[in-house]
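Source file: input_18.txt; contents: compact mmCIF, C-alpha atoms.
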```txt
# COMPACT_ATOMS: atom_id res chain seq x y z
CA MET A 1 -85.79 284.05 2.63
CA ARG A 2 -83.59 286.47 4.59
CA SER A 3 -80.79 283.91 5.05
CA PHE A 4 -80.94 283.08 1.31
CA LEU A 5 -80.54 286.77 0.45
CA VAL A 6 -77.60 287.13 2.85
CA ARG A 7 -75.89 284.05 1.35
CA ALA A 8 -76.53 285.33 -2.19
CA ALA A 9 -75.15 288.78 -1.34
CA THR A 10 -72.08 287.24 0.31
CA THR A 11 -71.44 284.96 -2.67
CA THR A 12 -71.83 287.87 -5.09
CA ALA A 13 -69.52 290.11 -3.04
CA THR A 14 -66.89 287.35 -2.84
CA ALA A 15 -67.06 286.81 -6.59
CA LEU A 16 -66.77 290.53 -7.30
CA LEU A 17 -63.84 291.01 -4.95
CA GLY A 18 -62.10 287.96 -6.33
CA GLY A 19 -62.58 289.28 -9.88
CA ALA A 20 -61.24 292.67 -8.86
CA MET A 21 -58.12 291.04 -7.46
CA LEU A 22 -57.58 289.13 -10.74
CA LEU A 23 -57.75 292.43 -12.60
CA GLY A 24 -55.21 293.96 -10.24
CA ILE A 25 -57.76 296.27 -8.62
CA GLY A 26 -57.28 296.44 -4.86
CA LEU A 27 -59.18 297.95 -1.99
CA PRO A 28 -57.73 300.94 -0.17
CA ALA A 29 -55.36 299.98 2.64
CA HIS A 30 -57.33 302.04 5.18
CA ALA A 31 -60.94 301.62 4.17
CA ALA A 32 -63.50 303.49 6.23
CA PRO A 33 -65.90 301.51 8.42
CA ALA A 34 -68.62 299.82 6.43
CA PRO A 35 -71.75 301.95 6.20
CA ALA A 36 -74.69 301.02 8.35
CA PRO A 37 -77.64 299.36 6.69
CA THR A 38 -80.23 301.77 5.39
CA THR A 39 -83.47 302.15 7.26
CA ALA A 40 -85.06 299.81 4.71
CA ALA A 41 -82.80 297.02 5.99
CA VAL A 42 -83.72 297.61 9.63
CA ASP A 43 -86.13 295.03 11.03
CA THR A 44 -88.84 297.35 12.30
CA ALA A 45 -90.88 294.36 13.49
CA ALA A 46 -88.16 293.32 15.95
CA THR A 47 -89.01 293.63 19.62
CA PRO A 48 -87.18 296.24 21.69
CA GLN A 49 -85.33 293.36 23.41
CA ALA A 50 -84.20 291.91 20.08
CA ARG A 51 -83.11 295.35 18.86
CA ALA A 52 -81.09 295.85 22.06
CA ASP A 53 -79.50 292.40 21.72
CA ASN A 54 -78.58 293.13 18.09
CA ALA A 55 -77.06 296.51 19.04
CA ILE A 56 -74.98 294.91 21.80
CA ALA A 57 -73.86 292.16 19.40
CA TRP A 58 -72.80 294.89 16.93
CA PHE A 59 -70.49 296.44 19.54
CA SER A 60 -69.25 293.07 20.79
CA SER A 61 -68.25 292.04 17.26
CA ARG A 62 -66.12 295.22 17.03
CA ASN A 63 -64.45 294.86 20.43
CA GLY A 64 -60.96 296.40 20.23
CA SER A 65 -61.60 298.29 16.99
CA THR A 66 -60.39 301.88 16.62
CA ALA A 67 -62.46 302.48 13.47
CA TYR A 68 -65.04 304.63 15.30
CA GLN A 69 -62.70 306.74 17.46
CA GLY A 70 -64.21 310.22 17.60
CA TYR A 71 -67.52 308.92 16.23
CA CYS A 72 -69.36 307.62 19.30
CA GLU A 73 -72.76 308.88 18.12
CA LYS A 74 -72.28 307.24 14.74
CA ALA A 75 -71.32 303.99 16.48
CA VAL A 76 -74.47 303.82 18.64
CA GLU A 77 -76.65 304.76 15.67
CA ASN A 78 -74.94 302.15 13.48
CA SER A 79 -75.41 299.54 16.22
CA TYR A 80 -79.16 300.10 15.78
CA GLY A 81 -78.88 299.99 11.99
CA ARG A 82 -79.23 303.75 11.55
CA THR A 83 -76.96 306.66 10.72
CA GLY A 84 -77.10 310.45 10.55
CA ILE A 85 -79.82 310.95 13.17
CA TYR A 86 -77.93 313.30 15.50
CA ALA A 87 -74.88 315.47 14.84
CA SER A 88 -73.32 314.57 18.21
CA ALA A 89 -73.87 312.71 21.44
CA ILE A 90 -74.71 315.94 23.27
CA ALA A 91 -77.34 316.78 20.62
CA ASN A 92 -78.87 313.33 21.24
CA TRP A 93 -78.84 313.90 25.02
CA ASN A 94 -80.29 317.41 24.72
CA ASP A 95 -83.12 316.03 22.58
CA ALA A 96 -83.85 313.37 25.21
CA VAL A 97 -83.96 316.09 27.88
CA ARG A 98 -86.26 318.21 25.72
CA ARG A 99 -88.60 315.24 25.15
CA GLY A 100 -88.65 314.41 28.88
CA ALA A 101 -87.02 311.03 28.16
CA ALA A 102 -83.69 311.60 29.97
CA HIS A 103 -82.95 309.75 33.22
CA ARG A 104 -80.46 312.15 34.75
CA GLY A 105 -77.69 310.58 36.83
CA ASP A 106 -79.34 307.13 36.90
CA LEU A 107 -76.60 304.47 36.89
CA ASN A 108 -79.04 301.60 36.26
CA PRO A 109 -79.99 301.89 32.59
CA PRO A 110 -81.85 298.99 30.99
CA LYS A 111 -80.32 296.87 28.25
CA GLY A 112 -80.14 298.81 25.00
CA ALA A 113 -80.43 302.28 26.55
CA LEU A 114 -77.99 304.97 25.50
CA VAL A 115 -75.72 306.30 28.25
CA PHE A 116 -74.30 309.83 28.04
CA TRP A 117 -71.40 311.88 29.38
CA ASN A 118 -70.49 315.56 29.16
CA ILE A 119 -66.79 315.10 28.45
CA SER A 120 -66.41 317.51 25.51
CA SER A 121 -68.43 319.95 23.46
CA TYR A 122 -69.70 316.92 21.50
CA GLY A 123 -70.46 314.81 24.58
CA HIS A 124 -70.02 311.03 24.60
CA VAL A 125 -72.49 308.17 24.27
CA GLY A 126 -72.40 304.42 24.76
CA LEU A 127 -74.80 301.48 24.86
CA ALA A 128 -75.96 299.93 28.16
CA THR A 129 -75.90 296.15 28.58
CA GLY A 130 -78.44 296.17 31.42
CA ASP A 131 -76.07 294.84 34.08
CA GLY A 132 -74.23 298.03 35.05
CA ASN A 133 -71.86 297.84 32.07
CA PHE A 134 -71.85 299.52 28.69
CA TRP A 135 -70.16 299.36 25.29
CA ALA A 136 -68.64 302.48 23.75
CA THR A 137 -65.82 303.93 21.72
CA SER A 138 -62.87 305.42 23.62
CA VAL A 139 -62.73 302.69 26.27
CA ASN A 140 -58.94 302.48 26.57
CA GLY A 141 -58.75 304.12 23.14
CA ARG A 142 -61.00 301.67 21.29
CA ILE A 143 -64.42 300.03 21.28
CA GLY A 144 -64.73 298.24 24.58
CA LYS A 145 -66.94 297.28 27.48
CA ALA A 146 -66.67 298.99 30.86
CA ARG A 147 -68.57 299.52 34.11
CA LEU A 148 -70.65 302.67 34.61
CA PRO A 149 -69.85 305.48 35.08
CA TYR A 150 -66.22 304.94 33.77
CA PHE A 151 -65.85 308.46 32.29
CA ALA A 152 -66.21 311.69 34.31
CA ASN A 153 -69.35 313.84 34.10
CA TYR A 154 -71.93 311.10 33.62
CA LEU A 155 -75.23 312.64 32.51
CA GLY A 156 -77.61 309.68 32.54
CA TRP A 157 -79.45 307.50 30.06
CA ALA A 158 -82.31 307.53 27.58
CA GLN A 159 -83.88 305.00 25.25
CA PRO A 160 -82.73 305.44 21.64
CA ASN A 161 -84.97 307.76 19.64
CA PHE A 162 -84.38 305.90 16.37
```
Could I get this file's structure written as structure tokens?
Amino acid sequence: MRSFLVRAATTTATALLGGAMLLGIGLPAHAAPAPAPTTAAVDTAATPQARADNAIAWFSSRNGSTAYQGYCEKAVENSYGRTGIYASAIANWNDAVRRGAAHRGDLNPPKGALVFWNISSYGHVGLATGDGNFWATSVNGRIGKARLPYFANYLGWAQPNF
């Protein structure tokens, strides 16, 4: 059923865009990143491992993109199919500390964990791959994969709270 709905949505979107082009209506040259699916579209029955794999695949499919520069928290939330949970990476980290869920300074986060740095007043966050690497924005100025700790002032990791 899910694959049928995806195919139907894709076909409909293609038809609409094609019709818009025939009418001379174009898309903006610099469209913003596509919004994340709403919470209703998130598969809440997925296992934590499947959710982590999907989040990593989200980053991998955007490797090299600059669309999320300055929006690291939005990127990790979007990778998990969410948006608007925390105002910044440091707010996310501070909440993990408050909840007792932060693993301070630990350079061995499991796959799917969020990894944090104190590199600005907003902090920085990425997504651990479970093998000592992570995906994040601002890796050489774009979404990329790097080895921990990569940035200065590594704080640690926490499981996503969304």
(message) Neighbouring residues of Asn63 (chain A) were defined as those with any atom within 8 Å, considering only C-alpha atoms; residues of the same chain fewer than 2 positions away were excluded. Please report them as JSON, numbers by chain.
(response) {"A": [59, 60, 61, 65, 142, 143, 144, 145]}
Go ahead and save the residues from that selection, with C-alpha atoms, as a tab-separated table (two decimals), in the frame of the given file.
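result_23.tsv, written as the output of this step:
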```tsv
chain	number	residue	atom	x	y	z
A	59	PHE	CA	-70.49	296.44	19.54
A	60	SER	CA	-69.25	293.07	20.79
A	61	SER	CA	-68.25	292.04	17.26
A	65	SER	CA	-61.60	298.29	16.99
A	142	ARG	CA	-61.00	301.67	21.29
A	143	ILE	CA	-64.42	300.03	21.28
A	144	GLY	CA	-64.73	298.24	24.58
A	145	LYS	CA	-66.94	297.28	27.48
```
(request) Counting all atoms listed in the file, figure out which residue out of A:Pro48, A:Asn153, A:Pro160, A:Ile85 gets nearest to Arg104 (chain A). (result)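 Ranked by minimum distance to Arg104 (chain A), first place goes to A:Asn153.
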(message) At a cut-off of 12 Å, using only C-alpha atoms, what residues contact His124 (chain A)? Leave out same-chain residues fewer than 3 positions from it and give the result as number ranges by chain.
(response) A: 69-76, 87-93, 114-121, 127, 135-139, 149-157
(request) Please indicate the distance in Å from CA of Gln159 (chain A) to CA of Gly130 (chain A), rounded to one decimal place. (result) 12.1 Å
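You will find CA of Asn133 (chain A) at 4.2 Å from CA of Arg147 (chain A).
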(request) Using all atoms listed in the file, pick whichever of A:Tyr80, A:Ala67, A:Gly126, A:Phe134 has the shortest atom-to-atom distance to Ala46 (chain A). (result)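 Smallest distance to Ala46 (chain A) is found for A:Tyr80.
Closest to Ser79 (chain A) among A:Gly100, A:Gly64, A:Gly112, A:Gly105 is A:Gly112, based on all atoms listed in the file.
With CA of Tyr68 (chain A) on one side and CA of Ala146 (chain A) on the other, the separation reads 16.6 Å.
Considering the residues A:Asn94, A:Gly141, A:Pro109, A:Ile56 and counting all atoms listed in the file, Gly123 (chain A) has its shortest atom-to-atom contact with A:Asn94.
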